file entry27.txt (compact mmCIF, N, CA and C atoms)
# COMPACT_ATOMS: atom_id res chain seq x y z
N MET A 1 -8.63 13.58 -23.20
CA MET A 1 -9.55 14.69 -23.33
C MET A 1 -9.14 15.78 -22.34
N PRO A 2 -9.12 17.03 -22.76
CA PRO A 2 -8.71 18.12 -21.88
C PRO A 2 -9.67 18.30 -20.70
N ARG A 3 -9.09 18.65 -19.53
CA ARG A 3 -9.88 18.90 -18.30
C ARG A 3 -9.60 20.31 -17.82
N PHE A 4 -10.66 21.00 -17.40
CA PHE A 4 -10.51 22.36 -16.90
C PHE A 4 -11.40 22.57 -15.69
N PRO A 5 -10.94 23.40 -14.74
CA PRO A 5 -11.77 23.68 -13.55
C PRO A 5 -12.83 24.72 -13.85
N ILE A 6 -13.94 24.59 -13.15
CA ILE A 6 -14.99 25.62 -13.17
C ILE A 6 -14.86 26.35 -11.84
N ARG A 7 -14.76 27.66 -11.87
CA ARG A 7 -14.54 28.42 -10.65
C ARG A 7 -15.74 28.42 -9.71
N LYS A 8 -16.92 28.65 -10.22
CA LYS A 8 -18.11 28.70 -9.38
C LYS A 8 -18.89 27.41 -9.53
N GLU A 9 -19.82 27.21 -8.61
CA GLU A 9 -20.65 26.03 -8.68
C GLU A 9 -21.45 26.04 -9.98
N PRO A 10 -21.40 24.95 -10.73
CA PRO A 10 -22.17 24.90 -11.97
C PRO A 10 -23.65 24.71 -11.68
N SER A 11 -24.49 25.23 -12.55
CA SER A 11 -25.92 25.00 -12.42
C SER A 11 -26.37 24.21 -13.64
N THR A 12 -26.85 23.01 -13.41
CA THR A 12 -27.29 22.17 -14.50
C THR A 12 -28.77 22.40 -14.73
N GLU A 13 -29.13 22.72 -15.95
CA GLU A 13 -30.52 22.95 -16.29
C GLU A 13 -31.20 21.63 -16.59
N ASP A 14 -32.53 21.66 -16.76
CA ASP A 14 -33.29 20.44 -17.01
C ASP A 14 -32.93 19.75 -18.31
N ASP A 15 -32.46 20.52 -19.29
CA ASP A 15 -32.15 19.93 -20.59
C ASP A 15 -30.76 19.31 -20.65
N GLY A 16 -30.06 19.22 -19.52
CA GLY A 16 -28.74 18.61 -19.48
C GLY A 16 -27.62 19.56 -19.84
N THR A 17 -27.88 20.85 -19.86
CA THR A 17 -26.86 21.84 -20.16
C THR A 17 -26.22 22.32 -18.86
N LEU A 18 -24.91 22.38 -18.85
CA LEU A 18 -24.16 22.84 -17.69
C LEU A 18 -23.55 24.18 -18.03
N ARG A 19 -23.72 25.15 -17.16
CA ARG A 19 -23.10 26.47 -17.34
C ARG A 19 -22.20 26.74 -16.15
N GLY A 20 -21.01 27.23 -16.42
CA GLY A 20 -20.08 27.53 -15.35
C GLY A 20 -19.13 28.63 -15.73
N THR A 21 -18.40 29.11 -14.74
CA THR A 21 -17.43 30.20 -14.94
C THR A 21 -16.04 29.60 -15.05
N ILE A 22 -15.30 30.04 -16.07
CA ILE A 22 -13.92 29.59 -16.25
C ILE A 22 -13.01 30.81 -16.20
N SER A 23 -11.74 30.56 -15.92
CA SER A 23 -10.79 31.67 -15.84
C SER A 23 -10.44 32.16 -17.25
N GLU A 24 -9.91 33.35 -17.31
CA GLU A 24 -9.52 33.92 -18.60
C GLU A 24 -8.40 33.12 -19.25
N SER A 25 -7.47 32.62 -18.41
CA SER A 25 -6.37 31.83 -18.97
C SER A 25 -6.87 30.49 -19.52
N ASP A 26 -7.87 29.89 -18.86
CA ASP A 26 -8.45 28.65 -19.39
C ASP A 26 -9.21 28.91 -20.69
N TYR A 27 -9.92 30.03 -20.74
CA TYR A 27 -10.62 30.40 -21.97
C TYR A 27 -9.62 30.54 -23.12
N THR A 28 -8.52 31.23 -22.87
CA THR A 28 -7.49 31.41 -23.89
C THR A 28 -6.91 30.07 -24.31
N HIS A 29 -6.64 29.20 -23.34
CA HIS A 29 -6.07 27.90 -23.66
C HIS A 29 -7.04 27.06 -24.49
N ILE A 30 -8.31 27.08 -24.12
CA ILE A 30 -9.31 26.28 -24.84
C ILE A 30 -9.49 26.78 -26.27
N THR A 31 -9.61 28.10 -26.43
CA THR A 31 -9.95 28.65 -27.75
C THR A 31 -8.75 28.92 -28.64
N LYS A 32 -7.63 29.36 -28.06
CA LYS A 32 -6.48 29.74 -28.89
C LYS A 32 -5.46 28.62 -29.06
N VAL A 33 -5.17 27.91 -27.96
CA VAL A 33 -4.16 26.87 -28.02
C VAL A 33 -4.74 25.56 -28.55
N LEU A 34 -5.82 25.09 -27.90
CA LEU A 34 -6.43 23.83 -28.33
C LEU A 34 -7.39 24.01 -29.51
N ARG A 35 -7.79 25.26 -29.75
CA ARG A 35 -8.70 25.61 -30.84
C ARG A 35 -10.01 24.82 -30.78
N LEU A 36 -10.56 24.77 -29.56
CA LEU A 36 -11.84 24.10 -29.37
C LEU A 36 -12.95 25.12 -29.44
N GLY A 37 -14.11 24.66 -29.82
CA GLY A 37 -15.28 25.54 -29.89
C GLY A 37 -16.53 24.70 -29.80
N ALA A 38 -17.63 25.28 -30.21
CA ALA A 38 -18.92 24.58 -30.17
C ALA A 38 -18.83 23.27 -30.95
N GLY A 39 -19.31 22.20 -30.33
CA GLY A 39 -19.29 20.88 -30.95
C GLY A 39 -18.13 19.99 -30.51
N ASP A 40 -17.11 20.56 -29.85
CA ASP A 40 -15.97 19.77 -29.37
C ASP A 40 -16.24 19.24 -27.97
N ARG A 41 -15.67 18.06 -27.69
CA ARG A 41 -15.84 17.44 -26.37
C ARG A 41 -14.77 17.94 -25.42
N ILE A 42 -15.18 18.11 -24.16
CA ILE A 42 -14.29 18.63 -23.12
C ILE A 42 -14.76 18.09 -21.77
N THR A 43 -13.88 18.11 -20.79
CA THR A 43 -14.22 17.71 -19.42
C THR A 43 -13.94 18.88 -18.49
N VAL A 44 -14.89 19.18 -17.61
CA VAL A 44 -14.71 20.23 -16.61
C VAL A 44 -15.00 19.63 -15.24
N PHE A 45 -14.46 20.25 -14.19
CA PHE A 45 -14.71 19.78 -12.83
C PHE A 45 -14.91 20.96 -11.91
N ASP A 46 -15.66 20.72 -10.81
CA ASP A 46 -15.97 21.81 -9.88
C ASP A 46 -15.31 21.57 -8.54
N THR A 47 -15.61 22.45 -7.58
CA THR A 47 -15.00 22.36 -6.25
C THR A 47 -15.58 21.23 -5.41
N GLU A 48 -16.66 20.63 -5.85
CA GLU A 48 -17.28 19.51 -5.14
C GLU A 48 -16.72 18.17 -5.59
N SER A 49 -15.64 18.18 -6.37
CA SER A 49 -15.02 16.97 -6.92
C SER A 49 -15.96 16.22 -7.85
N THR A 50 -16.75 16.96 -8.60
CA THR A 50 -17.61 16.36 -9.61
C THR A 50 -17.05 16.72 -10.97
N GLU A 51 -16.96 15.71 -11.84
CA GLU A 51 -16.41 15.90 -13.17
C GLU A 51 -17.53 15.74 -14.19
N TYR A 52 -17.59 16.66 -15.14
CA TYR A 52 -18.62 16.66 -16.17
C TYR A 52 -17.96 16.52 -17.53
N GLU A 53 -18.37 15.52 -18.29
CA GLU A 53 -17.87 15.34 -19.64
C GLU A 53 -18.99 15.69 -20.61
N GLY A 54 -18.67 16.52 -21.60
CA GLY A 54 -19.73 16.92 -22.51
C GLY A 54 -19.20 17.62 -23.74
N THR A 55 -20.15 18.12 -24.51
CA THR A 55 -19.86 18.82 -25.75
C THR A 55 -20.10 20.31 -25.53
N ILE A 56 -19.15 21.13 -25.97
CA ILE A 56 -19.28 22.58 -25.83
C ILE A 56 -20.44 23.06 -26.70
N THR A 57 -21.38 23.78 -26.08
CA THR A 57 -22.46 24.40 -26.85
C THR A 57 -22.24 25.90 -27.00
N ASP A 58 -21.57 26.52 -26.03
CA ASP A 58 -21.29 27.95 -26.09
C ASP A 58 -20.09 28.24 -25.21
N ILE A 59 -19.20 29.09 -25.70
CA ILE A 59 -18.05 29.49 -24.89
C ILE A 59 -17.76 30.96 -25.16
N SER A 60 -17.57 31.70 -24.08
CA SER A 60 -17.19 33.10 -24.19
C SER A 60 -16.24 33.41 -23.04
N THR A 61 -15.64 34.58 -23.05
CA THR A 61 -14.71 34.94 -22.00
C THR A 61 -15.41 34.86 -20.65
N GLY A 62 -14.97 33.96 -19.81
CA GLY A 62 -15.51 33.83 -18.46
C GLY A 62 -16.59 32.78 -18.28
N THR A 63 -17.24 32.33 -19.35
CA THR A 63 -18.30 31.33 -19.18
C THR A 63 -18.20 30.24 -20.23
N ILE A 64 -18.73 29.08 -19.86
CA ILE A 64 -18.77 27.95 -20.78
C ILE A 64 -20.09 27.22 -20.56
N ALA A 65 -20.65 26.71 -21.64
CA ALA A 65 -21.87 25.90 -21.56
C ALA A 65 -21.59 24.57 -22.24
N LEU A 66 -22.00 23.49 -21.58
CA LEU A 66 -21.79 22.14 -22.11
C LEU A 66 -23.09 21.38 -22.16
N GLN A 67 -23.22 20.54 -23.17
CA GLN A 67 -24.27 19.53 -23.18
C GLN A 67 -23.65 18.32 -22.50
N VAL A 68 -24.08 17.99 -21.29
CA VAL A 68 -23.44 16.97 -20.46
C VAL A 68 -23.80 15.57 -20.94
N HIS A 69 -22.76 14.73 -21.08
CA HIS A 69 -22.94 13.33 -21.47
C HIS A 69 -22.69 12.39 -20.30
N ASP A 70 -21.78 12.78 -19.40
CA ASP A 70 -21.40 11.90 -18.29
C ASP A 70 -21.02 12.75 -17.08
N ILE A 71 -21.47 12.29 -15.90
CA ILE A 71 -21.13 12.95 -14.64
C ILE A 71 -20.47 11.92 -13.74
N ARG A 72 -19.30 12.27 -13.19
CA ARG A 72 -18.56 11.36 -12.30
C ARG A 72 -18.17 12.09 -11.02
N LEU A 73 -18.24 11.39 -9.91
CA LEU A 73 -17.75 11.93 -8.64
C LEU A 73 -16.31 11.45 -8.48
N LEU A 74 -15.39 12.39 -8.32
CA LEU A 74 -13.97 12.06 -8.22
C LEU A 74 -13.60 11.76 -6.78
N ARG A 75 -12.81 10.74 -6.58
CA ARG A 75 -12.28 10.42 -5.25
C ARG A 75 -10.86 10.94 -5.18
N THR A 76 -10.66 11.93 -4.32
CA THR A 76 -9.33 12.52 -4.22
C THR A 76 -8.52 11.93 -3.08
N GLU A 77 -9.19 11.38 -2.09
CA GLU A 77 -8.49 10.78 -0.95
C GLU A 77 -8.51 9.26 -1.10
N PRO A 78 -7.42 8.60 -0.73
CA PRO A 78 -7.41 7.14 -0.83
C PRO A 78 -8.38 6.52 0.16
N GLY A 79 -8.90 5.36 -0.18
CA GLY A 79 -9.83 4.66 0.70
C GLY A 79 -9.13 3.96 1.86
N LEU A 80 -7.83 3.88 1.81
CA LEU A 80 -7.05 3.19 2.83
C LEU A 80 -6.34 4.21 3.70
N GLU A 81 -6.42 4.02 5.01
CA GLU A 81 -5.68 4.88 5.93
C GLU A 81 -4.43 4.14 6.36
N LEU A 82 -3.29 4.75 6.12
CA LEU A 82 -2.00 4.13 6.40
C LEU A 82 -1.27 4.94 7.46
N ASN A 83 -0.89 4.30 8.55
CA ASN A 83 -0.16 4.95 9.63
C ASN A 83 1.25 4.39 9.71
N LEU A 84 2.22 5.24 10.02
CA LEU A 84 3.62 4.84 10.15
C LEU A 84 4.05 5.04 11.59
N PHE A 85 4.51 3.98 12.22
CA PHE A 85 5.10 4.05 13.55
C PHE A 85 6.60 3.92 13.35
N GLN A 86 7.32 5.03 13.53
CA GLN A 86 8.74 5.10 13.21
C GLN A 86 9.55 5.36 14.46
N ALA A 87 10.56 4.49 14.69
CA ALA A 87 11.48 4.73 15.80
C ALA A 87 12.25 6.01 15.51
N ILE A 88 12.49 6.79 16.55
CA ILE A 88 13.20 8.06 16.39
C ILE A 88 14.64 7.78 15.97
N LEU A 89 15.10 8.52 14.97
CA LEU A 89 16.43 8.31 14.41
C LEU A 89 17.38 9.42 14.84
N LYS A 90 18.67 9.14 14.72
CA LYS A 90 19.68 10.13 15.07
C LYS A 90 19.78 11.20 13.99
N GLY A 91 20.23 12.38 14.44
CA GLY A 91 20.47 13.48 13.50
C GLY A 91 19.18 13.96 12.85
N ASN A 92 19.32 14.36 11.60
CA ASN A 92 18.15 14.87 10.90
C ASN A 92 17.56 13.83 9.95
N LYS A 93 17.84 12.57 10.18
CA LYS A 93 17.32 11.50 9.33
C LYS A 93 15.80 11.38 9.43
N MET A 94 15.25 11.79 10.57
CA MET A 94 13.82 11.72 10.78
C MET A 94 13.09 12.66 9.80
N ASP A 95 13.70 13.80 9.47
CA ASP A 95 13.10 14.73 8.52
C ASP A 95 12.88 14.07 7.16
N GLY A 96 13.86 13.32 6.70
CA GLY A 96 13.75 12.62 5.42
C GLY A 96 12.65 11.56 5.43
N ILE A 97 12.56 10.82 6.54
CA ILE A 97 11.51 9.79 6.68
C ILE A 97 10.13 10.44 6.64
N ILE A 98 9.95 11.53 7.36
CA ILE A 98 8.65 12.21 7.40
C ILE A 98 8.30 12.75 6.01
N SER A 99 9.28 13.33 5.33
CA SER A 99 9.04 13.87 3.99
C SER A 99 8.63 12.77 3.02
N GLN A 100 9.34 11.67 3.01
CA GLN A 100 9.03 10.58 2.09
C GLN A 100 7.71 9.90 2.43
N ALA A 101 7.43 9.74 3.70
CA ALA A 101 6.16 9.13 4.11
C ALA A 101 4.98 10.00 3.69
N THR A 102 5.13 11.30 3.83
CA THR A 102 4.08 12.23 3.42
C THR A 102 3.86 12.16 1.91
N GLN A 103 4.92 12.08 1.14
CA GLN A 103 4.81 11.98 -0.31
C GLN A 103 4.11 10.69 -0.73
N LEU A 104 4.29 9.64 0.05
CA LEU A 104 3.66 8.35 -0.26
C LEU A 104 2.20 8.28 0.18
N GLY A 105 1.73 9.29 0.91
CA GLY A 105 0.32 9.33 1.30
C GLY A 105 0.01 8.76 2.66
N VAL A 106 0.99 8.72 3.54
CA VAL A 106 0.76 8.21 4.89
C VAL A 106 -0.18 9.16 5.63
N SER A 107 -1.19 8.60 6.30
CA SER A 107 -2.18 9.41 7.00
C SER A 107 -1.65 9.96 8.32
N GLY A 108 -0.90 9.15 9.05
CA GLY A 108 -0.40 9.57 10.35
C GLY A 108 1.01 9.04 10.58
N ILE A 109 1.84 9.84 11.23
CA ILE A 109 3.21 9.45 11.56
C ILE A 109 3.34 9.55 13.07
N PHE A 110 3.73 8.43 13.68
CA PHE A 110 3.84 8.35 15.13
C PHE A 110 5.27 8.02 15.52
N PRO A 111 6.01 8.98 16.11
CA PRO A 111 7.37 8.69 16.57
C PRO A 111 7.32 7.73 17.76
N VAL A 112 8.23 6.79 17.77
CA VAL A 112 8.27 5.77 18.82
C VAL A 112 9.65 5.77 19.45
N ILE A 113 9.69 5.73 20.77
CA ILE A 113 10.96 5.55 21.47
C ILE A 113 11.10 4.05 21.75
N SER A 114 12.10 3.47 21.14
CA SER A 114 12.31 2.03 21.30
C SER A 114 13.44 1.77 22.29
N GLU A 115 13.69 0.52 22.54
CA GLU A 115 14.74 0.12 23.47
C GLU A 115 16.12 0.57 22.98
N ARG A 116 16.32 0.61 21.67
CA ARG A 116 17.62 0.95 21.10
C ARG A 116 17.70 2.38 20.54
N THR A 117 16.71 3.21 20.83
CA THR A 117 16.74 4.60 20.38
C THR A 117 17.91 5.33 21.01
N GLN A 118 18.70 6.04 20.19
CA GLN A 118 19.89 6.74 20.68
C GLN A 118 19.76 8.24 20.44
N VAL A 119 18.72 8.82 20.95
CA VAL A 119 18.50 10.25 20.77
C VAL A 119 18.97 10.96 22.02
N ARG A 120 19.76 12.01 21.82
CA ARG A 120 20.23 12.80 22.94
C ARG A 120 19.27 13.96 23.13
N SER A 121 18.78 14.11 24.31
CA SER A 121 17.84 15.18 24.62
C SER A 121 18.23 15.82 25.94
N THR A 122 18.00 17.10 26.05
CA THR A 122 18.28 17.79 27.31
C THR A 122 17.11 17.64 28.27
N ALA A 123 15.94 17.29 27.76
CA ALA A 123 14.76 17.12 28.62
C ALA A 123 14.85 15.76 29.30
N LYS A 124 14.45 15.72 30.55
CA LYS A 124 14.44 14.46 31.29
C LYS A 124 13.02 13.92 31.28
N VAL A 125 12.89 12.70 30.82
CA VAL A 125 11.59 12.06 30.72
C VAL A 125 11.61 10.81 31.56
N ASP A 126 10.61 10.65 32.44
CA ASP A 126 10.50 9.47 33.26
C ASP A 126 9.60 8.49 32.54
N LEU A 127 10.19 7.50 31.88
CA LEU A 127 9.43 6.53 31.09
C LEU A 127 8.74 5.49 31.96
N SER A 128 9.13 5.39 33.23
CA SER A 128 8.50 4.38 34.10
C SER A 128 7.05 4.72 34.41
N THR A 129 6.68 5.98 34.29
CA THR A 129 5.28 6.37 34.57
C THR A 129 4.45 6.48 33.30
N ALA A 130 5.04 6.20 32.16
CA ALA A 130 4.29 6.29 30.89
C ALA A 130 3.27 5.17 30.81
N HIS A 131 2.11 5.48 30.27
CA HIS A 131 1.05 4.50 30.10
C HIS A 131 1.12 3.92 28.71
N THR A 132 0.83 2.64 28.60
CA THR A 132 0.84 2.00 27.29
C THR A 132 -0.53 1.56 26.88
call {"tool": "encode", "arguments": {"input": "entry27.txt", "output": "structure tokens"}}
result
Amino acid sequence: MPRFPIRKEPSTEDDGTLRGTISESDYTHITKVLRLGAGDRITVFDTESTEYEGTITDISTGTIALQVHDIRLLRTEPGLELNLFQAILKGNKMDGIISQATQLGVSGIFPVISERTQVRSTAKVDLSTAHT
């Protein structure tokens, strides 16, 4: 089923009708490309991560009205927090690790200096005073 964003906060009336603002390009896509109109089922979502499934009752440039059948709260963030503790690598290999970890949804990346880390740095760091 097609899904489209609603630009402004929808206002649901007592009779279960949802009215919202849609973009001109979405209006064109719904009416000209998909050829949907009154009586067709569609799904819309708002900025609060709420998804509304319903039947189109009225559609015009900039606005849409639906008879709502189902309301769902969308979870956009994973329920699991994943942290990566990565030993510092030579060269620019660390950039690739950070990029791939971010793509996989890692919440936090913590660089670690290990016993075998071979990073050359001009800064002098006294590790004997570091707290663990």
call {"tool": "residues_around", "arguments": {"input": "entry27.txt", "residues": "segment 46-61 of chain A", "least_positions_apart": "2", "cutoff": "6.5 Å", "atoms": "only N, CA and C atoms", "output": "MDAnalysis selection string"}}
result
chainID A and resid 5:10 22 24 27 37:44 63:75
call {"tool": "select_by_dssp", "arguments": {"input": "entry27.txt", "residues": "chain A", "states": "helix (DSSP H, G or I)", "output": "MDAnalysis selection string"}}
result
chainID A and resid 24:33 93:103 127:129
call {"tool": "residues_around", "arguments": {"input": "entry27.txt", "residues": "Val112 of chain A", "least_positions_apart": "4", "cutoff": "7 Å", "atoms": "all atoms listed in the file", "output": "PyMOL selection string"}}
result
chain A and resi 85-88
call {"tool": "atom_distance", "arguments": {"input": "entry27.txt", "atom1": "atom CA of Gly105 of chain A", "atom2": "atom CA of Asn92 of chain A"}}
result
21.0 Å
call {"tool": "atom_distance", "arguments": {"input": "entry27.txt", "atom1": "atom N of Phe110 of chain A", "atom2": "atom N of Leu82 of chain A"}}
result
11.0 Å
